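**Q** Data file input-v6.cif (mmCIF, C-alpha atoms and all ligand atoms) is appended below.
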```cif
data_structure
#
loop_
_atom_site.label_atom_id
_atom_site.label_comp_id
_atom_site.auth_asym_id
_atom_site.auth_seq_id
_atom_site.Cartn_x
_atom_site.Cartn_y
_atom_site.Cartn_z
CA MET X 1 92.02 78.93 93.55
CA SER X 2 92.54 79.79 89.88
CA GLU X 3 95.47 82.02 88.93
CA SER X 4 93.17 84.75 87.53
CA ILE X 5 91.17 84.99 90.75
CA LYS X 6 94.30 84.94 92.85
CA LYS X 7 96.03 87.62 90.81
CA LEU X 8 93.10 90.05 90.81
CA THR X 9 92.47 89.49 94.52
CA GLU X 10 96.10 90.41 95.22
CA LEU X 11 95.74 93.58 93.13
CA PHE X 12 92.55 94.70 94.89
CA ALA X 13 94.07 93.92 98.29
CA LYS X 14 96.68 96.63 97.61
CA PHE X 15 93.93 99.31 97.56
CA PRO X 16 93.71 101.52 100.66
CA THR X 17 91.53 100.02 103.41
CA ILE X 18 90.79 96.90 101.30
CA GLY X 19 91.86 93.63 102.89
CA GLN X 20 92.05 90.15 101.34
CA ARG X 21 88.45 89.36 102.21
CA THR X 22 86.96 92.47 100.59
CA ALA X 23 89.32 92.04 97.63
CA GLY X 24 87.90 88.54 97.15
CA ARG X 25 84.36 89.93 97.25
CA PHE X 26 85.24 92.41 94.48
CA VAL X 27 86.59 89.59 92.32
CA PHE X 28 83.50 87.41 92.75
CA TYR X 29 81.30 90.44 92.11
CA LEU X 30 83.13 90.99 88.80
CA ILE X 31 82.79 87.32 87.87
CA GLY X 32 79.03 87.74 88.23
CA GLN X 33 78.92 90.85 86.02
CA PRO X 34 78.11 90.91 82.29
CA LYS X 35 81.16 91.40 80.06
CA GLU X 36 80.19 94.96 79.06
CA ASN X 37 80.23 96.14 82.69
CA VAL X 38 83.72 94.72 83.16
CA ASP X 39 84.87 96.31 79.88
CA GLU X 40 83.49 99.66 81.06
CA LEU X 41 85.48 99.38 84.29
CA VAL X 42 88.69 98.47 82.45
CA GLN X 43 88.20 101.41 80.08
CA ALA X 44 87.50 103.85 82.94
CA ILE X 45 90.75 102.78 84.64
CA GLN X 46 92.74 103.20 81.43
CA GLU X 47 91.23 106.65 80.78
CA LEU X 48 92.02 107.69 84.33
CA LYS X 49 95.71 107.04 83.77
CA LYS X 50 95.60 108.65 80.32
CA ASN X 51 93.75 111.86 81.26
CA ILE X 52 94.69 112.61 84.84
CA SER X 53 98.02 114.06 85.81
CA SER X 54 99.45 115.52 88.96
CA CYS X 55 99.50 119.34 89.21
CA PRO X 56 103.20 120.32 89.28
CA SER X 57 102.43 123.16 91.68
CA CYS X 58 100.21 121.61 94.37
CA PHE X 59 100.25 117.90 93.37
CA GLN X 60 96.52 117.38 93.25
CA SER X 61 95.18 115.27 90.39
CA PHE X 62 93.69 117.19 87.50
CA GLN X 63 92.55 116.69 83.94
CA ALA X 64 95.33 118.47 82.07
CA ALA X 65 93.72 118.90 78.61
CA GLY X 66 96.07 121.71 77.61
CA LYS X 67 96.34 123.25 81.08
CA SER X 68 99.68 123.38 82.86
CA VAL X 69 98.36 123.61 86.45
CA CYS X 70 95.09 122.73 88.21
CA ASP X 71 92.13 125.13 88.46
CA ILE X 72 92.96 126.12 92.04
CA CYS X 73 96.59 127.01 91.24
CA ALA X 74 95.48 128.81 88.04
CA ASN X 75 92.88 130.94 89.86
CA PRO X 76 94.41 134.41 90.53
CA ALA X 77 91.89 135.05 93.33
CA ARG X 78 93.46 132.22 95.30
CA SER X 79 96.97 133.71 95.28
CA ASN X 80 96.22 135.67 98.44
CA GLY X 81 99.40 134.85 100.32
CA LEU X 82 98.04 131.76 102.03
CA LEU X 83 99.51 128.31 101.55
CA CYS X 84 97.89 125.33 103.23
CA ILE X 85 100.05 122.22 103.63
CA ILE X 86 98.06 119.02 103.75
CA GLU X 87 98.98 115.37 103.83
CA LYS X 88 96.93 114.01 100.97
CA GLU X 89 94.45 114.82 98.25
CA SER X 90 91.38 113.63 100.16
CA ASP X 91 92.16 116.28 102.82
CA LEU X 92 92.12 118.93 100.08
CA LEU X 93 88.71 117.72 98.94
CA SER X 94 87.31 117.97 102.50
CA ILE X 95 88.68 121.49 102.99
CA GLU X 96 87.32 122.56 99.60
CA SER X 97 83.88 121.20 100.36
CA ALA X 98 83.86 123.06 103.69
CA GLY X 99 84.32 126.16 101.49
CA THR X 100 85.96 128.54 104.01
CA TYR X 101 89.57 128.44 102.85
CA LYS X 102 90.40 130.46 99.74
CA GLY X 103 94.19 130.19 99.43
CA LEU X 104 96.52 127.73 97.74
CA TYR X 105 97.47 124.17 98.72
CA PHE X 106 100.43 121.87 98.79
CA ILE X 107 100.02 118.09 99.10
CA LEU X 108 102.99 116.83 101.07
CA SER X 109 102.73 113.09 100.70
CA PRO X 110 102.72 111.03 97.53
CA LEU X 111 101.10 108.14 99.40
CA VAL X 112 97.41 107.67 100.09
CA SER X 113 98.07 106.77 103.69
CA TYR X 114 101.04 106.27 105.95
CA ARG X 115 101.60 103.47 108.38
CA ALA X 116 105.35 103.83 108.77
CA HIS X 117 108.40 105.49 107.24
CA VAL X 118 106.77 108.90 107.36
CA ASN X 119 109.79 110.87 106.24
CA GLU X 120 110.32 108.83 103.11
CA ASN X 121 109.25 110.47 99.88
CA LEU X 122 107.71 113.55 101.47
CA ARG X 123 107.74 116.43 98.99
CA LEU X 124 109.83 118.70 101.21
CA PRO X 125 112.22 119.83 98.44
CA GLN X 126 109.27 120.71 96.19
CA LEU X 127 107.59 122.55 99.07
CA LYS X 128 110.72 124.57 99.70
CA GLU X 129 110.90 125.49 96.03
CA LYS X 130 107.22 126.49 95.91
CA ILE X 131 107.55 128.76 98.92
CA ALA X 132 110.77 130.31 97.58
CA LYS X 133 109.08 131.09 94.24
CA GLY X 134 105.79 132.29 95.69
CA THR X 135 104.74 135.34 97.69
CA PHE X 136 103.29 133.71 100.77
CA SER X 137 102.63 135.59 103.98
CA GLU X 138 101.26 132.64 105.94
CA ILE X 139 101.89 128.91 105.84
CA ILE X 140 99.07 126.90 107.37
CA VAL X 141 100.26 123.52 108.58
CA ALA X 142 97.06 121.49 108.24
CA LEU X 143 98.41 118.00 108.78
CA ASN X 144 96.33 115.31 110.43
CA PRO X 145 96.31 115.01 114.24
CA THR X 146 97.68 111.46 113.91
CA PRO X 147 101.17 110.29 114.94
CA GLU X 148 102.19 110.34 111.25
CA GLY X 149 100.75 113.84 110.75
CA LYS X 150 102.58 115.13 113.82
CA THR X 151 105.88 113.74 112.52
CA MET X 152 105.27 115.40 109.16
CA ALA X 153 104.49 118.72 110.87
CA ILE X 154 107.81 118.57 112.72
CA LEU X 155 109.69 117.88 109.48
CA VAL X 156 107.92 120.75 107.68
CA GLU X 157 108.60 123.23 110.46
CA ARG X 158 112.22 122.17 110.68
CA MET X 159 112.61 122.78 106.95
CA LEU X 160 110.91 126.19 107.19
CA LYS X 161 113.05 127.29 110.12
CA GLU X 162 116.29 126.04 108.61
CA THR X 163 115.75 127.83 105.29
CA PRO X 164 117.42 131.24 105.57
CA GLN X 165 115.02 132.95 103.13
CA PHE X 166 111.95 132.03 105.18
CA PRO X 167 112.47 133.70 108.58
CA THR X 168 109.57 136.17 108.23
CA LEU X 169 106.99 133.58 107.24
CA LYS X 170 104.10 133.28 109.63
CA ILE X 171 103.46 129.61 110.40
CA THR X 172 100.04 128.69 111.76
CA HIS X 173 98.27 125.49 112.76
CA LEU X 174 94.63 124.55 112.60
CA ALA X 175 92.76 125.16 115.83
CA LYS X 176 92.24 122.22 118.13
CA GLY X 177 88.89 120.58 117.81
CA LEU X 178 89.69 118.03 115.15
CA PRO X 179 89.24 114.63 116.76
CA VAL X 180 92.56 113.34 118.13
CA GLY X 181 93.87 110.55 115.91
CA GLY X 182 91.23 111.48 113.33
CA GLU X 183 91.88 112.80 109.87
CA LEU X 184 90.81 116.00 108.12
CA GLU X 185 89.25 113.80 105.51
CA TYR X 186 86.58 112.67 107.98
CA ALA X 187 85.97 115.99 109.75
CA ASP X 188 82.61 117.67 109.17
CA GLN X 189 82.24 121.08 107.55
CA GLU X 190 81.60 122.95 110.79
CA THR X 191 84.68 121.46 112.50
CA LEU X 192 86.88 122.32 109.53
CA GLU X 193 85.54 125.87 109.33
CA SER X 194 86.23 126.56 112.98
CA ALA X 195 89.65 124.86 112.76
CA PHE X 196 90.62 127.27 109.95
CA GLU X 197 89.08 130.34 111.55
CA GLY X 198 90.74 129.66 114.90
CA ARG X 199 94.17 128.81 113.49
CA LYS X 200 97.17 130.24 115.28
ZN ZN S 1 97.55 122.81 91.63
#
```
Rewrite the coordinates I just gave you, this time as structure tokens.

**A**
Amino acid sequence: MSESIKKLTELFAKFPTIGQRTAGRFVFYLIGQPKENVDELVQAIQELKKNISSCPSCFQSFQAAGKSVCDICANPARSNGLLCIIEKESDLLSIESAGTYKGLYFILSPLVSYRAHVNENLRLPQLKEKIAKGTFSEIIVALNPTPEGKTMAILVERMLKETPQFPTLKITHLAKGLPVGGELEYADQETLESAFEGRK
């Protein structure tokens, strides 16, 4: 196999859920494409890295263009005392598209998905700082009902309980009903709505 094919296959294989075989299919698909399509893809990737940054307050990706925080964090109507802690950005997108929740978010994990080493790199110090600076009355722990999500929830609650300034914070969890082992990302709108409404 030529070096170019091998190299690109290895790069695609690092993408979430993409194995060697699918990575190879992407490469052969690109080989069959006209040059302008490939150039367009390369340019889109470069622009993504140039224009998109991570919101320093909730850590979702946003197009900065002169703004210091994302539209959700900047929206005064959303500072209603609720903070929802989620594992990753795709969970935020699912909750937003369900449309029920109107508070703020915090994305706990810098990784797209966890398979091991859950407690590495979690943004617990940043979460602590955000809560200390904010005026939150309720912290909604909306982590996935997976083994990794459960471990993260334990770490978050331990941090909240061990921080002396946070004893009056109400900590809630999404209602049961999300499929066990499933992820928020894949839950339908109705399930997410009732999980938020029935939180306790
Ligand atoms: Zn934000």

**Q** For Gly198 in chain X, please output as a VMD selection string all residues within 10 Å (counting all atoms listed in the file; exclusion window: fewer than 6 positions along the same chain).

**A** chain X and resid 172 to 177 192

**Q** Write as a PyMOL selection string the residues around ligand ZN 1 (chain S), taking 7 Å as the cut-off and counting only C-alpha atoms and all ligand atoms.

**A** chain X and resi 55-60+69-73

**Q** Quick one, how far is CA of Phe12 in chain X from CA of Tyr186 in chain X?

**A** 23.0 Å

**Q** Neighbouring residues of range 87-101 of chain X were defined as those with any atom within 10 Å, considering all atoms listed in the file; residues of the same chain fewer than 3 positions away were excluded. Please report them as a ChimeraX atom specification.

**A** /X:58-61,78,82,84,104-114,122,141-144,148-149,152-153,183-194,196-197

**Q** Atoms to include: C-alpha atoms. Write the selected residues as a PDB file, in the frame of the given file.

**A**
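In the end it all went to result08.pdb:
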```pdb
ATOM      1  CA  CYS X  58     100.210 121.610  94.370  1.00  0.00           C
ATOM      2  CA  PHE X  59     100.250 117.900  93.370  1.00  0.00           C
ATOM      3  CA  GLN X  60      96.520 117.380  93.250  1.00  0.00           C
ATOM      4  CA  SER X  61      95.180 115.270  90.390  1.00  0.00           C
ATOM      5  CA  ARG X  78      93.460 132.220  95.300  1.00  0.00           C
ATOM      6  CA  LEU X  82      98.040 131.760 102.030  1.00  0.00           C
ATOM      7  CA  CYS X  84      97.890 125.330 103.230  1.00  0.00           C
ATOM      8  CA  LEU X 104      96.520 127.730  97.740  1.00  0.00           C
ATOM      9  CA  TYR X 105      97.470 124.170  98.720  1.00  0.00           C
ATOM     10  CA  PHE X 106     100.430 121.870  98.790  1.00  0.00           C
ATOM     11  CA  ILE X 107     100.020 118.090  99.100  1.00  0.00           C
ATOM     12  CA  LEU X 108     102.990 116.830 101.070  1.00  0.00           C
ATOM     13  CA  SER X 109     102.730 113.090 100.700  1.00  0.00           C
ATOM     14  CA  PRO X 110     102.720 111.030  97.530  1.00  0.00           C
ATOM     15  CA  LEU X 111     101.100 108.140  99.400  1.00  0.00           C
ATOM     16  CA  VAL X 112      97.410 107.670 100.090  1.00  0.00           C
ATOM     17  CA  SER X 113      98.070 106.770 103.690  1.00  0.00           C
ATOM     18  CA  TYR X 114     101.040 106.270 105.950  1.00  0.00           C
ATOM     19  CA  LEU X 122     107.710 113.550 101.470  1.00  0.00           C
ATOM     20  CA  VAL X 141     100.260 123.520 108.580  1.00  0.00           C
ATOM     21  CA  ALA X 142      97.060 121.490 108.240  1.00  0.00           C
ATOM     22  CA  LEU X 143      98.410 118.000 108.780  1.00  0.00           C
ATOM     23  CA  ASN X 144      96.330 115.310 110.430  1.00  0.00           C
ATOM     24  CA  GLU X 148     102.190 110.340 111.250  1.00  0.00           C
ATOM     25  CA  GLY X 149     100.750 113.840 110.750  1.00  0.00           C
ATOM     26  CA  MET X 152     105.270 115.400 109.160  1.00  0.00           C
ATOM     27  CA  ALA X 153     104.490 118.720 110.870  1.00  0.00           C
ATOM     28  CA  GLU X 183      91.880 112.800 109.870  1.00  0.00           C
ATOM     29  CA  LEU X 184      90.810 116.000 108.120  1.00  0.00           C
ATOM     30  CA  GLU X 185      89.250 113.800 105.510  1.00  0.00           C
ATOM     31  CA  TYR X 186      86.580 112.670 107.980  1.00  0.00           C
ATOM     32  CA  ALA X 187      85.970 115.990 109.750  1.00  0.00           C
ATOM     33  CA  ASP X 188      82.610 117.670 109.170  1.00  0.00           C
ATOM     34  CA  GLN X 189      82.240 121.080 107.550  1.00  0.00           C
ATOM     35  CA  GLU X 190      81.600 122.950 110.790  1.00  0.00           C
ATOM     36  CA  THR X 191      84.680 121.460 112.500  1.00  0.00           C
ATOM     37  CA  LEU X 192      86.880 122.320 109.530  1.00  0.00           C
ATOM     38  CA  GLU X 193      85.540 125.870 109.330  1.00  0.00           C
ATOM     39  CA  SER X 194      86.230 126.560 112.980  1.00  0.00           C
ATOM     40  CA  PHE X 196      90.620 127.270 109.950  1.00  0.00           C
ATOM     41  CA  GLU X 197      89.080 130.340 111.550  1.00  0.00           C
TER      42      GLU X 197
END
```

**Q** For a quick check of understanding, using only C-alpha atoms, which of X:Ala64, X:Ile31, X:Ala23, X:Ile139 has the smallest distance to Asn80 in chain X?

**A**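 Nearest candidate to Asn80 in chain X out of X:Ala64, X:Ile31, X:Ala23, X:Ile139: X:Ile139.
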
**Q** Put a box with edges along x, y and z around all the listed atoms of range 86-101 of chain X, pad it by 3 Å on each side, then give me its centre and sizes in Å, one decimal, as AutoDock Vina command-line options.

**A**
```
--center_x 91.4 --center_y 121.1 --center_z 101.1 --size_x 21.1 --size_y 20.9 --size_z 11.8
```
